[in-house]
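Q: Here you go, one structure.
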Amino acid sequence: GTSDRTPAQYSAIQRFAAPDVSETVRRLVQEYKDRETVTGFLMWMVCHGRIADALPEALEIALSASSPSTVRVAAFHAVASVGTPSDMAIVRSKFASAGDGLDRQCMAELLDLIDQPDAATQQWMMDCIPRLEEFNEYDTTGLTTATIRFLERADLSLLKSVIDGLYVLLIKPPIMDRHDYSLSVRNRWLRQPIGAVLSRLVAARHALALQHSSVAALHVLMRDSPYNEDFHGVKDTSLPEQVQAWSALKWAWLWLLIDRQRSEQLVVDFWIAQAAMHPIAWDENDFAPALTATAERELEEDRLGALEIAFSLYVQSEQIGR
């Protein structure tokens, strides 16, 4: 309690961390286990000095839900440094088993410590997200950024169940009703992670981008953008430009909106649906898919709507030609 604990002092002391002080470090962990600052500092010594003999102490703290989050985070890094992948799997499992109100900062650190996401760690993340403590936009926990980084490291082939699950959470009640889409109050922080996933899928022209949950999530993000004054949603992605350049996705989005109108027993109106796709515009690349839709869509009103779009694009091209 006598030091001002500046970063410079921490880094200077941590340079003394080495395996030959393991017994001292282990003794001090037990002696000062009720002192958050001391214990956290010792865990960082274990991490940076790779003091493998102190793994039992690091595991004990990492597995304890009663440990302060700052100390537990340091213990996570210590276990990751001197333990095995199996040890970290045990830590993640113990964290997830704590019930509701999971600590968001701890979750962020555990995600960042996963070098290569796989099906197991992906499922672990999806199991934890619904049970996180309440989102507070004024708390800086790093979870949004850590989730994005995790999803950016994941192989594209793993993202199908992720986008399905994240979309369900994105619209989970209680919701903010925005007229033609819904957004979860509790899970609105997922906008940017979902935007990052969609941006990857669309950039790769991956078939997953055309599935229902992806297109529905895209609609929420694009429609919610005008309401966002912070860093969430699509503002930090190139989604609008990517969607504009991919005709198949534009048509998938349009048919989603048309089918939604029909399921809600509304009068099907193609122009209202197109207006809901702002700022996306129709261009010459959409003409051939429009003609295809006039022959392939099952319902006559869909075929007629596609024909109207095709005719509009034809007139537009004639005017440009003149």
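Ligands are numbered from 1 in the order shown, chains are lettered A, B, ... in the order of the structure tokens, and residues start at 1 in each chain.
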When DSSP is applied to the backbone of this structure, which of region 48-276 of chain A are assigned helix (DSSP H, G or I)? Write them out as a PyMOL selection string.
A: chain A and resi 48-49+52-62+69-82+85-96+104-112+119-131+143-153+156-170+188-203+207-210+212-227+239-244+247-263+270-275
Q: Near Leu111 (chain A), counting only C-alpha atoms, which residues have an atom at most 9 Å away, once you skip same-chain residues fewer than 4 positions from it, shown as a ChimeraX atom specification?
A: /A:106-107,115,117,121,125,143,146-147,149-150
Q: Kindly save the residues from that selection, with C-alpha atoms included, as an mmCIF file, in the first residue's frame.
A:
```
data_model
loop_
_atom_site.group_PDB
_atom_site.id
_atom_site.type_symbol
_atom_site.label_atom_id
_atom_site.label_comp_id
_atom_site.auth_asym_id
_atom_site.auth_seq_id
_atom_site.Cartn_x
_atom_site.Cartn_y
_atom_site.Cartn_z
ATOM 1 C CA CYS A 106 -13.262 -12.130 -17.318
ATOM 2 C CA MET A 107 -15.129 -13.340 -20.382
ATOM 3 C CA ASP A 115 -5.448 -18.520 -30.081
ATOM 4 C CA PRO A 117 -11.106 -20.937 -32.059
ATOM 5 C CA THR A 121 -14.541 -22.909 -27.725
ATOM 6 C CA MET A 125 -18.734 -18.661 -26.034
ATOM 7 C CA LEU A 143 -15.842 -7.757 -24.302
ATOM 8 C CA ALA A 146 -12.577 -9.437 -27.661
ATOM 9 C CA THR A 147 -15.643 -11.073 -29.221
ATOM 10 C CA ARG A 149 -11.241 -10.645 -32.433
ATOM 11 C CA PHE A 150 -12.362 -14.178 -31.549
#
```
Q: Using only C-alpha atoms, what does the table of region 98-174 of chain A residues within 9 Å of region 178-195 of chain A look like, with each row giving the shortest atom pair and its distance in Å to one decimal, sorted by chain and ascending number, as a Markdown table?
A:
```
| residue | atom | partner | partner_atom | distance |
| --- | --- | --- | --- | --- |
| A:Ile129 | CA | A:Asn187 | CA | 8.9 |
| A:Pro130 | CA | A:Asn187 | CA | 8.4 |
| A:Glu134 | CA | A:Arg186 | CA | 6.8 |
| A:Phe135 | CA | A:Arg186 | CA | 6.2 |
| A:Glu137 | CA | A:Trp189 | CA | 8.1 |
| A:Thr144 | CA | A:Pro193 | CA | 6.7 |
| A:Thr145 | CA | A:Pro193 | CA | 7.8 |
| A:Thr147 | CA | A:Pro193 | CA | 6.3 |
| A:Ile148 | CA | A:Pro193 | CA | 4.9 |
| A:Arg149 | CA | A:Pro193 | CA | 8.6 |
| A:Leu151 | CA | A:Pro193 | CA | 7.5 |
| A:Ile163 | CA | A:Ile194 | CA | 7.2 |
| A:Leu166 | CA | A:Ile194 | CA | 7.0 |
| A:Tyr167 | CA | A:Ile194 | CA | 7.9 |
| A:Leu169 | CA | A:Asn187 | CA | 6.3 |
| A:Leu170 | CA | A:Ser184 | CA | 5.3 |
| A:Ile171 | CA | A:Ser184 | CA | 4.7 |
| A:Lys172 | CA | A:Ser184 | CA | 5.1 |
| A:Pro173 | CA | A:Ser184 | CA | 5.7 |
| A:Pro174 | CA | A:Ser184 | CA | 5.9 |
```
Q: Keeping only N, CA and C atoms, take the residues you just selected and write them out as a short mmCIF file (atom, residue, chain, number, x, y, z; two decimals), in the first residue's frame.
A:
```cif
data_model
loop_
_atom_site.label_atom_id
_atom_site.label_comp_id
_atom_site.auth_asym_id
_atom_site.auth_seq_id
_atom_site.Cartn_x
_atom_site.Cartn_y
_atom_site.Cartn_z
N ILE A 129 -22.61 -16.26 -23.42
CA ILE A 129 -23.16 -14.95 -23.75
C ILE A 129 -24.54 -14.69 -23.15
N PRO A 130 -25.49 -15.64 -23.21
CA PRO A 130 -26.81 -15.34 -22.63
C PRO A 130 -26.80 -15.16 -21.12
N GLU A 134 -25.52 -7.92 -16.81
CA GLU A 134 -26.23 -6.93 -17.62
C GLU A 134 -25.27 -5.99 -18.33
N PHE A 135 -25.55 -5.74 -19.61
CA PHE A 135 -24.73 -4.83 -20.39
C PHE A 135 -24.91 -3.39 -19.91
N GLU A 137 -23.45 0.29 -21.16
CA GLU A 137 -22.65 0.94 -22.21
C GLU A 137 -21.57 1.85 -21.65
N THR A 144 -16.75 -6.49 -26.17
CA THR A 144 -17.15 -6.33 -27.57
C THR A 144 -15.95 -6.55 -28.49
N THR A 145 -14.84 -5.91 -28.18
CA THR A 145 -13.64 -6.04 -29.00
C THR A 145 -13.09 -7.45 -28.96
N THR A 147 -14.75 -10.20 -28.46
CA THR A 147 -15.64 -11.07 -29.22
C THR A 147 -15.38 -10.92 -30.71
N ILE A 148 -15.17 -9.70 -31.16
CA ILE A 148 -14.86 -9.47 -32.58
C ILE A 148 -13.56 -10.17 -32.95
N ARG A 149 -12.53 -10.02 -32.12
CA ARG A 149 -11.24 -10.65 -32.43
C ARG A 149 -11.37 -12.17 -32.49
N LEU A 151 -14.06 -13.90 -33.27
CA LEU A 151 -14.79 -14.27 -34.47
C LEU A 151 -13.95 -14.04 -35.74
N ILE A 163 -23.67 -17.40 -36.38
CA ILE A 163 -24.56 -16.36 -36.88
C ILE A 163 -26.00 -16.70 -36.55
N LEU A 166 -26.25 -15.86 -32.71
CA LEU A 166 -26.13 -14.43 -32.43
C LEU A 166 -27.37 -13.67 -32.90
N TYR A 167 -27.94 -14.08 -34.02
CA TYR A 167 -29.15 -13.39 -34.49
C TYR A 167 -30.30 -13.60 -33.51
N LEU A 169 -30.07 -14.02 -30.34
CA LEU A 169 -29.80 -13.16 -29.19
C LEU A 169 -30.04 -11.68 -29.53
N LEU A 170 -29.74 -11.30 -30.77
CA LEU A 170 -29.86 -9.90 -31.18
C LEU A 170 -31.31 -9.42 -31.13
N ILE A 171 -32.25 -10.33 -31.29
CA ILE A 171 -33.67 -9.93 -31.30
C ILE A 171 -34.42 -10.50 -30.09
N LYS A 172 -33.68 -10.96 -29.09
CA LYS A 172 -34.32 -11.57 -27.92
C LYS A 172 -34.98 -10.50 -27.05
N PRO A 173 -36.25 -10.70 -26.65
CA PRO A 173 -36.93 -9.73 -25.77
C PRO A 173 -36.23 -9.61 -24.42
N PRO A 174 -36.41 -8.47 -23.75
CA PRO A 174 -37.17 -7.29 -24.19
C PRO A 174 -36.46 -6.57 -25.33
#
```
Q: Would you mind writing down, as number ranges by chain, each residue of region 57-282 of chain A that DSSP on the backbone assigns to strand (DSSP E or B)?
A: A: 102, 132, 175-177, 182-184
Q: What gap, in Å, lies between CA of Met43 (chain A) and CA of Ala120 (chain A)?
A: 26.9 Å
Q: Quick one: residues within 7 Å of Ala306 (chain A), only C-alpha atoms, excluding same-chain residues fewer than 2 positions away - as an mmCIF file with N, CA, C and O atoms, in the first residue's frame?
A:
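This went into part.cif:
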```
data_model
loop_
_atom_site.group_PDB
_atom_site.id
_atom_site.type_symbol
_atom_site.label_atom_id
_atom_site.label_comp_id
_atom_site.auth_asym_id
_atom_site.auth_seq_id
_atom_site.Cartn_x
_atom_site.Cartn_y
_atom_site.Cartn_z
ATOM 1 N N ALA A 290 -33.072 -10.171 -61.905
ATOM 2 C CA ALA A 290 -34.492 -9.808 -61.949
ATOM 3 C C ALA A 290 -35.217 -10.638 -62.997
ATOM 4 O O ALA A 290 -36.321 -11.147 -62.759
ATOM 5 N N ALA A 293 -35.709 -14.093 -61.722
ATOM 6 C CA ALA A 293 -36.780 -14.167 -60.727
ATOM 7 C C ALA A 293 -38.152 -14.170 -61.372
ATOM 8 O O ALA A 293 -39.092 -14.773 -60.845
ATOM 9 N N THR A 294 -38.284 -13.503 -62.516
ATOM 10 C CA THR A 294 -39.591 -13.485 -63.193
ATOM 11 C C THR A 294 -40.000 -14.872 -63.669
ATOM 12 O O THR A 294 -41.178 -15.129 -63.923
ATOM 13 N N ASP A 302 -44.729 -12.206 -56.903
ATOM 14 C CA ASP A 302 -43.273 -12.051 -56.824
ATOM 15 C C ASP A 302 -42.680 -11.910 -58.224
ATOM 16 O O ASP A 302 -41.778 -11.093 -58.449
ATOM 17 N N ARG A 303 -43.194 -12.712 -59.156
ATOM 18 C CA ARG A 303 -42.681 -12.621 -60.528
ATOM 19 C C ARG A 303 -42.983 -11.252 -61.132
ATOM 20 O O ARG A 303 -42.137 -10.659 -61.820
ATOM 21 N N LEU A 304 -44.174 -10.734 -60.836
ATOM 22 C CA LEU A 304 -44.537 -9.405 -61.357
ATOM 23 C C LEU A 304 -43.678 -8.321 -60.712
ATOM 24 O O LEU A 304 -43.277 -7.358 -61.377
ATOM 25 N N GLU A 308 -41.212 -5.671 -62.604
ATOM 26 C CA GLU A 308 -41.223 -4.206 -62.441
ATOM 27 C C GLU A 308 -39.814 -3.673 -62.213
ATOM 28 O O GLU A 308 -39.424 -2.641 -62.769
ATOM 29 N N ILE A 309 -39.057 -4.385 -61.370
ATOM 30 C CA ILE A 309 -37.684 -3.959 -61.104
ATOM 31 C C ILE A 309 -36.851 -4.064 -62.376
ATOM 32 O O ILE A 309 -36.071 -3.148 -62.710
ATOM 33 N N ALA A 310 -37.018 -5.157 -63.112
ATOM 34 C CA ALA A 310 -36.271 -5.333 -64.358
ATOM 35 C C ALA A 310 -36.610 -4.223 -65.348
ATOM 36 O O ALA A 310 -35.719 -3.649 -65.998
#
```
Q: When distances are computed from only C-alpha atoms, which of A:Val38, A:Leu28, A:Ala252, A:Glu301 shows the smallest separation from Val267 (chain A)?
A: A:Glu301
Q: Of the residues A:Asp269, A:Asp118, A:Asp100, A:Glu284, which is the one nearest to Leu156 (chain A), using only C-alpha atoms?
A: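 Of the candidates, the smallest distance to Leu156 (chain A) is held by A:Asp118.
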Q: What is the CA of Ala276 (chain A)-CA of Leu218 (chain A) distance in Å, reported with one decimal?
A: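 Going from CA of Ala276 (chain A) over to CA of Leu218 (chain A), I get 11.8 Å.
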Q: Looking at A:Ser97, A:Ser64, A:Ser161, A:Ser225, which one is nearest to Met277 (chain A), with distances taken over only C-alpha atoms?
A: A:Ser225
Q: Using only C-alpha atoms, determine which residues lie at most 10 Å from Ala273 (chain A), disregarding the query and same-chain residues fewer than 2 positions distant; provide the list as a ChimeraX atom specification.
A: /A:253-258,260-261,268-271,275-278
